[in-house]
$ cat protein_24.pdb   # PDB, C-alpha atoms and all ligand atoms
MODEL        1
ATOM      1  CA  MET V 272     117.593 111.780  74.540
ATOM      2  CA  SER V 273     116.555 112.287  70.935
ATOM      3  CA  ALA V 274     112.905 112.638  69.951
ATOM      4  CA  HIS V 275     111.674 109.617  68.007
ATOM      5  CA  GLU V 276     109.010 109.242  65.334
ATOM      6  CA  PRO V 277     105.661 108.270  66.900
ATOM      7  CA  ILE V 278     104.649 104.748  65.890
ATOM      8  CA  GLY V 279     100.879 105.209  66.293
ATOM      9  CA  PRO V 280      98.102 103.173  67.965
ATOM     10  CA  HIS V 281      98.165 100.160  65.617
ATOM     11  CA  ALA V 282     101.896  99.574  66.014
ATOM     12  CA  ILE V 283     101.555 100.028  69.779
ATOM     13  CA  LEU V 284      98.852  97.363  69.919
ATOM     14  CA  ASP V 285     101.019  95.089  67.805
ATOM     15  CA  LYS V 286     104.025  95.553  70.111
ATOM     16  CA  LYS V 287     101.837  94.991  73.158
ATOM     17  CA  LYS V 288     100.657  91.684  71.734
ATOM     18  CA  ARG V 289     104.193  90.579  70.990
ATOM     19  CA  TYR V 290     106.110  91.793  73.985
ATOM     20  CA  MET V 291     103.711  92.252  76.903
ATOM     21  CA  ILE V 292     101.931  89.696  79.047
ATOM     22  CA  PRO V 293      98.248  89.997  78.061
ATOM     23  CA  CYS V 294      96.881  91.024  81.458
ATOM     24  CA  THR V 295      95.926  94.641  80.758
ATOM     25  CA  TYR V 296      92.634  95.471  79.090
ATOM     26  CA  HIS V 297      91.539  98.517  77.122
ATOM     27  CA  PHE V 298      87.731  98.379  77.251
ATOM     28  CA  TYR V 299      87.776  99.718  73.638
ATOM     29  CA  ARG V 300      87.941  98.013  70.265
ATOM     30  CA  ASP V 301      90.159 100.838  68.995
ATOM     31  CA  PRO V 302      91.781 102.415  72.024
ATOM     32  CA  PRO V 303      93.138 105.934  71.465
ATOM     33  CA  GLN V 304      96.822 106.610  71.989
ATOM     34  CA  ILE V 305      97.138 109.244  74.691
ATOM     35  CA  VAL V 306     100.117 111.486  74.097
ATOM     36  CA  ARG V 307      99.668 114.452  76.410
ATOM     37  CA  GLY V 308      97.811 115.643  79.485
ATOM     38  CA  GLN V 309      97.207 119.185  80.650
ATOM     39  CA  GLY V 310      94.995 120.124  83.588
ATOM     40  CA  VAL V 311      91.636 118.377  83.156
ATOM     41  CA  HIS V 312      92.330 117.444  79.519
ATOM     42  CA  LEU V 313      93.965 114.555  77.696
ATOM     43  CA  TYR V 314      95.057 114.647  74.042
ATOM     44  CA  ASP V 315      95.338 111.680  71.676
ATOM     45  CA  SER V 316      97.719 111.115  68.772
ATOM     46  CA  THR V 317      95.274 112.739  66.322
ATOM     47  CA  GLY V 318      95.177 115.909  68.431
ATOM     48  CA  LYS V 319      91.674 115.182  69.757
ATOM     49  CA  ARG V 320      91.032 116.647  73.200
ATOM     50  CA  TYR V 321      89.173 114.743  75.954
ATOM     51  CA  LEU V 322      87.787 115.954  79.259
ATOM     52  CA  ASP V 323      89.390 113.415  81.600
ATOM     53  CA  LEU V 324      86.639 112.459  84.021
ATOM     54  CA  TYR V 325      88.528 109.253  84.779
ATOM     55  CA  SER V 326      91.495 111.102  86.223
ATOM     56  CA  GLY V 327      93.777 108.083  85.830
ATOM     57  CA  VAL V 328      91.495 106.170  88.246
ATOM     58  CA  SER V 329      91.512 108.879  90.920
ATOM     59  CA  VAL V 330      95.217 109.595  90.576
ATOM     60  CA  HIS V 331      95.394 113.135  89.252
ATOM     61  CA  ALA V 332      94.069 115.156  92.157
ATOM     62  CA  LEU V 333      95.976 118.173  90.829
ATOM     63  CA  GLY V 334      95.121 117.558  87.189
ATOM     64  CA  HIS V 335      97.594 116.439  84.536
ATOM     65  CA  CYS V 336     101.125 117.826  84.592
ATOM     66  CA  HIS V 337     100.579 120.482  87.237
ATOM     67  CA  PRO V 338     103.639 122.736  86.823
ATOM     68  CA  GLU V 339     104.537 122.743  90.543
ATOM     69  CA  LEU V 340     104.340 118.947  90.766
ATOM     70  CA  VAL V 341     106.344 118.536  87.556
ATOM     71  CA  GLU V 342     108.974 120.962  88.814
ATOM     72  CA  ALA V 343     109.256 119.194  92.192
ATOM     73  CA  ILE V 344     109.675 115.798  90.466
ATOM     74  CA  CYS V 345     112.232 117.143  87.966
ATOM     75  CA  GLU V 346     114.190 118.931  90.672
ATOM     76  CA  GLN V 347     114.462 115.735  92.738
ATOM     77  CA  VAL V 348     115.379 113.597  89.730
ATOM     78  CA  ARG V 349     118.022 116.148  88.695
ATOM     79  CA  THR V 350     119.501 116.053  92.193
ATOM     80  CA  LEU V 351     119.251 112.458  93.399
ATOM     81  CA  GLN V 352     117.171 109.733  91.798
ATOM     82  CA  HIS V 353     117.644 106.846  94.145
ATOM     83  CA  ALA V 354     119.928 105.929  96.999
ATOM     84  CA  THR V 355     118.097 103.054  98.764
ATOM     85  CA  THR V 356     116.710 103.403 102.261
ATOM     86  CA  ILE V 357     119.862 101.980 103.813
ATOM     87  CA  TYR V 358     121.273 105.527 103.553
ATOM     88  CA  LEU V 359     119.764 108.706 104.938
ATOM     89  CA  THR V 360     117.889 111.116 102.708
ATOM     90  CA  GLU V 361     115.892 114.103 103.888
ATOM     91  CA  PRO V 362     112.774 114.369 101.675
ATOM     92  CA  ILE V 363     111.406 110.978 102.746
ATOM     93  CA  VAL V 364     111.337 111.865 106.450
ATOM     94  CA  ASN V 365     109.951 115.328 105.731
ATOM     95  CA  LEU V 366     107.073 113.807 103.754
ATOM     96  CA  ALA V 367     106.399 111.263 106.513
ATOM     97  CA  GLU V 368     106.373 114.110 109.045
ATOM     98  CA  GLN V 369     103.969 116.109 106.900
ATOM     99  CA  LEU V 370     101.695 113.080 106.515
ATOM    100  CA  ALA V 371     101.589 112.670 110.294
ATOM    101  CA  THR V 372      99.938 116.108 110.490
ATOM    102  CA  VAL V 373      97.039 115.047 108.252
ATOM    103  CA  LEU V 374      96.612 111.353 109.083
ATOM    104  CA  PRO V 375      93.608 110.475 111.230
ATOM    105  CA  GLY V 376      93.836 110.093 115.014
ATOM    106  CA  GLU V 377      97.199 109.143 116.411
ATOM    107  CA  ILE V 378      98.438 107.505 113.225
ATOM    108  CA  CYS V 379     101.857 108.966 112.703
ATOM    109  CA  ARG V 380     104.232 106.491 111.054
ATOM    110  CA  THR V 381     104.496 105.754 107.351
ATOM    111  CA  PHE V 382     106.067 103.084 105.199
ATOM    112  CA  PHE V 383     106.579 104.132 101.586
ATOM    113  CA  CYS V 384     106.307 101.729  98.685
ATOM    114  CA  CYS V 385     105.412 101.857  95.006
ATOM    115  CA  SER V 386     101.721 101.027  94.515
ATOM    116  CA  GLY V 387      98.402 100.613  96.279
ATOM    117  CA  SER V 388      98.671  96.837  95.955
ATOM    118  CA  GLU V 389     102.022  96.880  97.689
ATOM    119  CA  ALA V 390     100.648  99.177 100.395
ATOM    120  CA  ASN V 391      97.914  96.624 101.129
ATOM    121  CA  GLU V 392     100.440  93.789 101.144
ATOM    122  CA  GLY V 393     102.437  95.801 103.685
ATOM    123  CA  ALA V 394      99.342  96.459 105.774
ATOM    124  CA  ALA V 395      98.520  92.723 105.861
ATOM    125  CA  LEU V 396     102.075  91.936 106.920
ATOM    126  CA  LEU V 397     101.993  94.594 109.621
ATOM    127  CA  ALA V 398      98.653  93.311 110.943
ATOM    128  CA  THR V 399      99.989  89.752 111.028
ATOM    129  CA  LEU V 400     103.181  90.756 112.824
ATOM    130  CA  HIS V 401     101.271  92.837 115.337
ATOM    131  CA  THR V 402      98.447  90.414 116.115
ATOM    132  CA  GLY V 403     100.238  87.105 115.570
ATOM    133  CA  ARG V 404      97.221  86.143 113.436
ATOM    134  CA  ASN V 405      96.988  85.284 109.782
ATOM    135  CA  GLU V 406      93.372  85.489 108.569
ATOM    136  CA  PHE V 407      91.659  88.458 106.932
ATOM    137  CA  LEU V 408      88.173  89.664 106.171
ATOM    138  CA  ALA V 409      87.266  91.916 103.262
ATOM    139  CA  PHE V 410      84.132  93.063 101.471
ATOM    140  CA  GLN V 411      82.465  91.425  98.517
ATOM    141  CA  ASN V 412      82.724  93.988  95.671
ATOM    142  CA  GLY V 413      85.867  95.469  97.229
ATOM    143  CA  LEU V 414      89.116  96.016  95.328
ATOM    144  CA  HIS V 415      92.519  95.925  96.997
ATOM    145  CA  GLY V 416      95.060  95.307  94.260
ATOM    146  CA  ARG V 417      96.527  93.061  91.642
ATOM    147  CA  THR V 418      99.261  91.259  93.547
ATOM    148  CA  LYS V 419      98.612  87.688  94.706
ATOM    149  CA  LEU V 420      97.268  88.772  98.106
ATOM    150  CA  GLY V 421      95.670  92.001  96.847
ATOM    151  CA  MET V 422      93.708  90.056  94.257
ATOM    152  CA  SER V 423      92.679  87.453  96.829
ATOM    153  CA  LEU V 424      91.336  90.251  99.049
ATOM    154  CA  THR V 425      89.392  91.593  96.074
ATOM    155  CA  GLY V 426      85.716  90.661  95.888
ATOM    156  CA  LEU V 427      85.029  91.526  92.250
ATOM    157  CA  SER V 428      85.260  88.599  89.841
ATOM    158  CA  PHE V 429      86.249  90.887  86.962
ATOM    159  CA  TRP V 430      89.399  91.912  88.861
ATOM    160  CA  ARG V 431      89.910  88.568  90.597
ATOM    161  CA  THR V 432      91.406  86.613  87.749
ATOM    162  CA  ASP V 433      93.650  84.391  89.891
ATOM    163  CA  PRO V 434      92.065  80.903  89.850
ATOM    164  CA  HIS V 435      94.013  79.960  93.000
ATOM    165  CA  PRO V 436      93.541  82.784  95.518
ATOM    166  CA  VAL V 437      95.392  82.867  98.831
ATOM    167  CA  GLY V 438      93.551  81.047 101.636
ATOM    168  CA  GLY V 439      92.503  82.466 104.993
ATOM    169  CA  ILE V 440      90.449  85.287 103.479
ATOM    170  CA  THR V 441      86.704  85.578 104.101
ATOM    171  CA  LEU V 442      84.623  87.956 102.005
ATOM    172  CA  VAL V 443      81.575  89.451 103.716
ATOM    173  CA  PRO V 444      78.638  91.450 102.300
ATOM    174  CA  PRO V 445      79.249  95.198 102.277
ATOM    175  CA  PRO V 446      76.645  97.692 103.498
ATOM    176  CA  HIS V 447      74.617  98.166 100.344
ATOM    177  CA  CYS V 448      71.531 100.178 101.262
ATOM    178  CA  PHE V 449      70.508 100.699  97.651
ATOM    179  CA  ARG V 450      70.216  96.963  96.973
ATOM    180  CA  CYS V 451      70.150  95.488 100.450
ATOM    181  CA  PRO V 452      70.528  91.684 100.234
ATOM    182  CA  TRP V 453      68.161  91.399 103.202
ATOM    183  CA  GLY V 454      65.533  93.554 101.463
ATOM    184  CA  GLN V 455      65.700  96.235 104.153
ATOM    185  CA  ALA V 456      65.429 100.005 103.769
ATOM    186  CA  GLN V 457      68.070 102.402 105.085
ATOM    187  CA  GLY V 458      67.136 103.729 108.528
ATOM    188  CA  GLN V 459      64.741 100.861 109.195
ATOM    189  CA  CYS V 460      67.061  97.861 109.336
ATOM    190  CA  ARG V 461      68.724  95.998 112.211
ATOM    191  CA  PHE V 462      72.152  96.140 110.558
ATOM    192  CA  GLU V 463      72.009  92.596 109.288
ATOM    193  CA  CYS V 464      75.228  93.387 107.375
ATOM    194  CA  ILE V 465      77.066  93.917 110.681
ATOM    195  CA  ASP V 466      75.658  90.658 112.078
ATOM    196  CA  ALA V 467      76.938  88.977 108.907
ATOM    197  CA  VAL V 468      80.503  90.118 109.696
ATOM    198  CA  GLU V 469      80.326  88.702 113.210
ATOM    199  CA  ARG V 470      78.776  85.481 111.929
ATOM    200  CA  ALA V 471      81.589  85.156 109.372
ATOM    201  CA  ILE V 472      84.219  85.635 112.088
ATOM    202  CA  LEU V 473      82.585  82.932 114.198
ATOM    203  CA  THR V 474      81.820  80.437 111.443
ATOM    204  CA  SER V 475      84.294  81.005 108.588
ATOM    205  CA  THR V 476      87.513  81.920 110.419
ATOM    206  CA  SER V 477      89.364  80.440 113.379
ATOM    207  CA  GLY V 478      87.606  83.144 115.405
ATOM    208  CA  LYS V 479      90.836  85.116 115.473
ATOM    209  CA  PRO V 480      91.231  87.129 112.267
ATOM    210  CA  ALA V 481      94.143  89.547 112.107
ATOM    211  CA  ALA V 482      92.205  92.352 110.438
ATOM    212  CA  MET V 483      89.502  93.433 108.083
ATOM    213  CA  PHE V 484      90.252  95.430 104.929
ATOM    214  CA  VAL V 485      87.628  98.008 103.957
ATOM    215  CA  GLU V 486      87.298 100.651 101.300
ATOM    216  CA  PRO V 487      85.508 103.505 103.130
ATOM    217  CA  VAL V 488      83.553 104.119  99.916
ATOM    218  CA  GLN V 489      83.714 101.212  97.496
ATOM    219  CA  GLY V 490      85.126 102.560  94.245
ATOM    220  CA  ASN V 491      85.171  99.866  91.568
ATOM    221  CA  GLY V 492      82.288  98.186  93.414
ATOM    222  CA  GLY V 493      79.979 101.041  92.406
ATOM    223  CA  ILE V 494      80.724 104.086  94.630
ATOM    224  CA  MET V 495      78.863 102.640  97.592
ATOM    225  CA  VAL V 496      78.627 104.982 100.571
ATOM    226  CA  PRO V 497      77.844 103.167 103.840
ATOM    227  CA  PRO V 498      75.229 104.577 106.233
ATOM    228  CA  PRO V 499      76.667 106.721 109.076
ATOM    229  CA  GLU V 500      76.276 104.007 111.730
ATOM    230  CA  TYR V 501      78.077 101.298 109.779
ATOM    231  CA  PHE V 502      81.778 101.869 110.489
ATOM    232  CA  PRO V 503      81.382 102.673 114.217
ATOM    233  CA  ARG V 504      79.421  99.403 114.573
ATOM    234  CA  LEU V 505      81.946  97.465 112.486
ATOM    235  CA  ARG V 506      84.727  98.833 114.670
ATOM    236  CA  GLU V 507      82.958  97.487 117.765
ATOM    237  CA  VAL V 508      82.583  94.002 116.286
ATOM    238  CA  LEU V 509      86.215  93.841 115.149
ATOM    239  CA  SER V 510      87.507  95.097 118.506
ATOM    240  CA  ARG V 511      85.428  92.493 120.303
ATOM    241  CA  HIS V 512      87.279  89.819 118.330
ATOM    242  CA  GLY V 513      90.719  91.424 118.586
ATOM    243  CA  ALA V 514      90.885  92.217 114.859
ATOM    244  CA  LEU V 515      92.405  95.390 113.409
ATOM    245  CA  LEU V 516      90.617  97.701 110.985
ATOM    246  CA  ILE V 517      92.587  98.511 107.820
ATOM    247  CA  ALA V 518      91.180 101.375 105.753
ATOM    248  CA  ASP V 519      92.207 101.122 102.115
ATOM    249  CA  GLU V 520      92.158 104.822 101.195
ATOM    250  CA  VAL V 521      94.063 104.250  97.967
ATOM    251  CA  GLN V 522      91.114 105.623  96.006
ATOM    252  CA  THR V 523      89.342 107.779  98.626
ATOM    253  CA  GLY V 524      92.345 109.379 100.333
ATOM    254  CA  PHE V 525      93.814 112.854  99.971
ATOM    255  CA  GLY V 526      90.694 114.912  99.751
ATOM    256  CA  ARG V 527      88.678 112.942  97.242
ATOM    257  CA  THR V 528      85.567 112.811  99.426
ATOM    258  CA  GLY V 529      85.941 116.348 100.754
ATOM    259  CA  ARG V 530      87.913 115.237 103.826
ATOM    260  CA  MET V 531      91.568 114.356 103.800
ATOM    261  CA  PHE V 532      90.593 110.722 104.483
ATOM    262  CA  ALA V 533      87.097 109.341 103.921
ATOM    263  CA  MET V 534      87.121 107.452 107.238
ATOM    264  CA  GLU V 535      87.014 110.852 108.994
ATOM    265  CA  ARG V 536      83.414 111.178 107.837
ATOM    266  CA  TRP V 537      82.414 108.471 110.314
ATOM    267  CA  ASN V 538      84.718 109.544 113.146
ATOM    268  CA  VAL V 539      86.345 106.139 113.084
ATOM    269  CA  THR V 540      90.118 105.907 113.307
ATOM    270  CA  PRO V 541      91.453 102.792 111.618
ATOM    271  CA  ASP V 542      94.498 100.959 112.945
ATOM    272  CA  ILE V 543      96.224 101.091 109.579
ATOM    273  CA  VAL V 544      95.551 103.331 106.574
ATOM    274  CA  THR V 545      96.834 102.544 103.111
ATOM    275  CA  GLY V 546      97.118 105.259 100.487
ATOM    276  CA  GLY V 547      98.467 105.997  97.040
ATOM    277  CA  LYS V 548      97.169 107.406  93.787
ATOM    278  CA  ALA V 549      96.462 111.069  94.554
ATOM    279  CA  LEU V 550      99.422 111.271  96.945
ATOM    280  CA  GLY V 551     101.904 110.389  94.217
ATOM    281  CA  GLY V 552     100.008 112.248  91.518
ATOM    282  CA  ALA V 553     101.205 109.591  89.120
ATOM    283  CA  ARG V 554     100.964 106.251  90.919
ATOM    284  CA  LEU V 555     104.696 106.279  90.761
ATOM    285  CA  TRP V 556     106.240 106.595  94.094
ATOM    286  CA  VAL V 557     104.296 106.527  97.207
ATOM    287  CA  SER V 558     101.700 104.402  98.804
ATOM    288  CA  SER V 559     101.723 104.015 102.473
ATOM    289  CA  PRO V 560     100.517 101.451 104.870
ATOM    290  CA  ARG V 561     100.560 103.402 108.064
ATOM    291  CA  ARG V 562     100.385 102.293 111.604
ATOM    292  CA  THR V 563      98.986 103.579 114.807
ATOM    293  CA  ARG V 564     101.233 104.235 117.713
ATOM    294  CA  SER V 565      99.690 101.272 119.503
ATOM    295  CA  PRO V 566     101.299  98.352 117.630
ATOM    296  CA  PRO V 567     104.805  97.910 119.040
ATOM    297  CA  PRO V 568     107.791  98.463 116.782
ATOM    298  CA  ILE V 569     108.863  95.424 114.807
ATOM    299  CA  PRO V 570     112.523  94.864 115.576
ATOM    300  CA  GLY V 571     114.831  93.561 112.925
ATOM    301  CA  ARG V 572     112.453  93.986 110.013
ATOM    302  CA  ALA V 573     113.144  96.423 107.250
ATOM    303  CA  PRO V 574     111.359  97.225 104.015
ATOM    304  CA  PRO V 575     113.171  96.336 100.817
ATOM    305  CA  PRO V 576     115.891  98.958 100.412
ATOM    306  CA  SER V 577     114.661  99.865  96.964
ATOM    307  CA  ALA V 578     111.161 100.548  98.284
ATOM    308  CA  ALA V 579     111.217 104.297  98.035
ATOM    309  CA  THR V 580     112.937 107.076  96.195
ATOM    310  CA  PRO V 581     114.214 109.968  98.318
TER
HETATM  311  C1  LIG V 601      90.809 100.848  96.570
HETATM  312  C2  LIG V 601      92.025 100.395  95.827
HETATM  313  N1  LIG V 601      92.965  99.705  96.497
HETATM  314  C3  LIG V 601      94.099  99.277  95.875
HETATM  315  C4  LIG V 601      94.311  99.520  94.534
HETATM  316  C5  LIG V 601      95.568  99.037  93.874
HETATM  317  O1  LIG V 601      96.417 100.129  93.623
HETATM  318  P1  LIG V 601      97.586  99.995  92.525
HETATM  319  O2  LIG V 601      96.921  99.853  91.200
HETATM  320  O3  LIG V 601      98.366 101.277  92.692
HETATM  321  O4  LIG V 601      98.391  98.783  92.889
HETATM  322  C6  LIG V 601      93.350 100.223  93.796
HETATM  323  C7  LIG V 601      93.562 100.479  92.346
HETATM  324  O5  LIG V 601      92.731 100.874  91.596
HETATM  325  C8  LIG V 601      92.173 100.685  94.464
HETATM  326  O6  LIG V 601      91.226 101.363  93.799
ENDMDL
END
$ encode --input "protein_24.pdb" --output "structure tokens"
Amino acid sequence: MSAHEPIGPHAILDKKKRYMIPCTYHFYRDPPQIVRGQGVHLYDSTGKRYLDLYSGVSVHALGHCHPELVEAICEQVRTLQHATTIYLTEPIVNLAEQLATVLPGEICRTFFCCSGSEANEGAALLATLHTGRNEFLAFQNGLHGRTKLGMSLTGLSFWRTDPHPVGGITLVPPPHCFRCPWGQAQGQCRFECIDAVERAILTSTSGKPAAMFVEPVQGNGGIMVPPPEYFPRLREVLSRHGALLIADEVQTGFGRTGRMFAMERWNVTPDIVTGGKALGGARLWVSSPRRTRSPPPIPGRAPPPSAATP
């Protein structure tokens, strides 16, 4: 492939306006054109260097362009780019096996797809197939993706631009000790936020939700860390109503909170974990709704054959 003349930020913006659906924002009046990343730094088209505290929204756990990661990607692409999952390839099962050694509790099976949103879609499907139920709970201020369902599960108006969200989803208040909606102080409350979840199940669902989606630490909602008692108590409530717990570890997973998965901090094993970002190092390949051993296999259902590269 021949190198081409760079067109520069203004021409890029112009092309974006003409040829791309206007659903991505920049947050800047004059966004820089990023041309290169190395370790913790990004470089723009003028050669200016930035310390990348954003990390591609928690994607670059190894920094930009880590030579070992780049080499592994190039080696695979040089050898076999894609073969569909209807044939056998070795790397995909080896990665799934490796994941089983770090996933919490007895979780040991992985489904690979292409983004965090898709991972959450897969998790919702799995929960529905397993429970025979179709309603979901999620947190206000939570973020679970930009697909139709992912956006409907999202409780942040800025990210919830779909004026016609999917039905059957109830958003409940998250544990927010810093600005408790009940005016309580951490350590002195009666866990009104847990009561609110149970009340929502009883009053705003059929009483039989399939599952609740949670971010262990809300990311886009303001890095909200729940008190230690919260998730064990939530688990109890959900179990009492036969609902699964789905931990969206797309942002918190793979060591970002000092544990491999943030849920480990509360000694709570979810039924399904979704992941992405830091696992792929580039948001490219892998996100994984995973399942516990307990849900039975789903006969006759296969992921789309193009779902994963080898
Ligand atoms: C917690 C969480 N879940 C899901 C997603 C969606 O992931 P993706 O953008 O890869 O579809 C994000 C993206 O920022 C996220 O932060």
$ residues_near_ligand --input "protein_24.pdb" --ligand "ligand LIG 601 (chain V)" --cutoff "10 Å" --atoms "only C-alpha atoms and all ligand atoms" --output "number ranges by chain"
V: 327-330, 384-392, 413-418, 421-422, 424-425, 430, 484-492, 518-524, 545-548, 551, 553-558
$ atom_distance --input "protein_24.pdb" --atom1 "atom CA of Leu340 of chain V" --atom2 "atom CA of Thr355 of chain V"
22.5 Å
$ resolve_selection --input "protein_24.pdb" --expression "the PyMOL selection byres (((chain V and resi 433-446) around 7) and not hetatm)" --output "mmCIF file with C-alpha atoms, in the coordinates of the input"
data_model
loop_
_atom_site.group_PDB
_atom_site.id
_atom_site.type_symbol
_atom_site.label_atom_id
_atom_site.label_comp_id
_atom_site.auth_asym_id
_atom_site.auth_seq_id
_atom_site.Cartn_x
_atom_site.Cartn_y
_atom_site.Cartn_z
ATOM 1 C CA GLU V 406 93.372 85.489 108.569
ATOM 2 C CA PHE V 407 91.659 88.458 106.932
ATOM 3 C CA LEU V 408 88.173 89.664 106.171
ATOM 4 C CA ALA V 409 87.266 91.916 103.262
ATOM 5 C CA PHE V 410 84.132 93.063 101.471
ATOM 6 C CA GLN V 411 82.465 91.425 98.517
ATOM 7 C CA LEU V 420 97.268 88.772 98.106
ATOM 8 C CA SER V 423 92.679 87.453 96.829
ATOM 9 C CA LEU V 424 91.336 90.251 99.049
ATOM 10 C CA GLY V 426 85.716 90.661 95.888
ATOM 11 C CA ARG V 431 89.910 88.568 90.597
ATOM 12 C CA THR V 432 91.406 86.613 87.749
ATOM 13 C CA HIS V 447 74.617 98.166 100.344
ATOM 14 C CA CYS V 448 71.531 100.178 101.262
ATOM 15 C CA CYS V 464 75.228 93.387 107.375
ATOM 16 C CA ALA V 467 76.938 88.977 108.907
ATOM 17 C CA VAL V 468 80.503 90.118 109.696
ATOM 18 C CA SER V 475 84.294 81.005 108.588
ATOM 19 C CA PRO V 497 77.844 103.167 103.840
#
$ resolve_selection --input "protein_24.pdb" --expression "the PyMOL selection byres (((chain V and resi 509-511) around 10) and not hetatm)" --output "PyMOL selection string"
chain V and resi 468-469+472+479-483+504-508+512-516
$ atom_distance --input "protein_24.pdb" --atom1 "atom CA of Pro362 of chain V" --atom2 "atom CA of Arg530 of chain V"
25.0 Å
$ resolve_selection --input "protein_24.pdb" --expression "the PyMOL selection byres (((chain V and resi 317) around 10) and not hetatm)" --output "VMD selection string"
chain V and resid 279 303 to 306 314 to 316 318 to 320
$ atom_distance --input "protein_24.pdb" --atom1 "atom CA of Pro499 of chain V" --atom2 "atom CA of Ala471 of chain V"
22.1 Å
$ residues_around --input "protein_24.pdb" --residues "Val539 of chain V" --least-positions-apart "5" --cutoff "7 Å" --atoms "all atoms listed in the file" --output "list in words"
Phe502, Pro503 and Met534 of chain V
$ closest_residue --input "protein_24.pdb" --among "V:Arg289, V:Gly308, V:His337, V:Gln459" --to "Asp323 of chain V" --atoms "only C-alpha atoms"
V:Gly308
$ residues_around --input "protein_24.pdb" --residues "Gly458 of chain V" --least-positions-apart "3" --cutoff "12 Å" --atoms "all atoms listed in the file" --output "MDAnalysis selection string"
chainID V and resid 448:449 451 455 461:462 497:501
$ build_atoms --input "protein_24.pdb" --residues "segment 333-347 of chain V" --atoms "N, CA and C atoms" --output "PDB file, keeping the file's coordinate frame"
ATOM      1  N   LEU V 333      95.577 116.811  91.222  1.00  0.00           N
ATOM      2  CA  LEU V 333      95.976 118.173  90.829  1.00  0.00           C
ATOM      3  C   LEU V 333      95.834 118.387  89.330  1.00  0.00           C
ATOM      4  N   GLY V 334      95.210 117.457  88.647  1.00  0.00           N
ATOM      5  CA  GLY V 334      95.121 117.558  87.189  1.00  0.00           C
ATOM      6  C   GLY V 334      96.402 117.014  86.564  1.00  0.00           C
ATOM      7  N   HIS V 335      96.414 116.973  85.232  1.00  0.00           N
ATOM      8  CA  HIS V 335      97.594 116.439  84.536  1.00  0.00           C
ATOM      9  C   HIS V 335      98.707 117.472  84.490  1.00  0.00           C
ATOM     10  N   CYS V 336      99.903 117.026  84.781  1.00  0.00           N
ATOM     11  CA  CYS V 336     101.125 117.826  84.592  1.00  0.00           C
ATOM     12  C   CYS V 336     101.064 119.186  85.278  1.00  0.00           C
ATOM     13  N   HIS V 337     100.593 119.213  86.510  1.00  0.00           N
ATOM     14  CA  HIS V 337     100.579 120.482  87.237  1.00  0.00           C
ATOM     15  C   HIS V 337     102.017 120.999  87.329  1.00  0.00           C
ATOM     16  N   PRO V 338     102.251 122.258  86.920  1.00  0.00           N
ATOM     17  CA  PRO V 338     103.639 122.736  86.823  1.00  0.00           C
ATOM     18  C   PRO V 338     104.423 122.611  88.128  1.00  0.00           C
ATOM     19  N   GLU V 339     103.783 122.831  89.276  1.00  0.00           N
ATOM     20  CA  GLU V 339     104.537 122.743  90.543  1.00  0.00           C
ATOM     21  C   GLU V 339     104.946 121.305  90.844  1.00  0.00           C
ATOM     22  N   LEU V 340     104.025 120.368  90.532  1.00  0.00           N
ATOM     23  CA  LEU V 340     104.340 118.947  90.766  1.00  0.00           C
ATOM     24  C   LEU V 340     105.458 118.497  89.823  1.00  0.00           C
ATOM     25  N   VAL V 341     105.325 118.910  88.550  1.00  0.00           N
ATOM     26  CA  VAL V 341     106.344 118.536  87.556  1.00  0.00           C
ATOM     27  C   VAL V 341     107.703 119.084  87.977  1.00  0.00           C
ATOM     28  N   GLU V 342     107.713 120.331  88.424  1.00  0.00           N
ATOM     29  CA  GLU V 342     108.974 120.962  88.814  1.00  0.00           C
ATOM     30  C   GLU V 342     109.594 120.234  90.008  1.00  0.00           C
ATOM     31  N   ALA V 343     108.735 119.881  91.000  1.00  0.00           N
ATOM     32  CA  ALA V 343     109.256 119.194  92.192  1.00  0.00           C
ATOM     33  C   ALA V 343     109.858 117.837  91.805  1.00  0.00           C
ATOM     34  N   ILE V 344     109.163 117.109  90.895  1.00  0.00           N
ATOM     35  CA  ILE V 344     109.675 115.798  90.466  1.00  0.00           C
ATOM     36  C   ILE V 344     111.004 115.975  89.722  1.00  0.00           C
ATOM     37  N   CYS V 345     111.022 116.944  88.779  1.00  0.00           N
ATOM     38  CA  CYS V 345     112.232 117.143  87.966  1.00  0.00           C
ATOM     39  C   CYS V 345     113.403 117.567  88.855  1.00  0.00           C
ATOM     40  N   GLU V 346     113.134 118.444  89.797  1.00  0.00           N
ATOM     41  CA  GLU V 346     114.190 118.931  90.672  1.00  0.00           C
ATOM     42  C   GLU V 346     114.806 117.769  91.452  1.00  0.00           C
ATOM     43  N   GLN V 347     113.948 116.880  91.981  1.00  0.00           N
ATOM     44  CA  GLN V 347     114.462 115.735  92.738  1.00  0.00           C
ATOM     45  C   GLN V 347     115.253 114.791  91.835  1.00  0.00           C
TER      46      GLN V 347
END
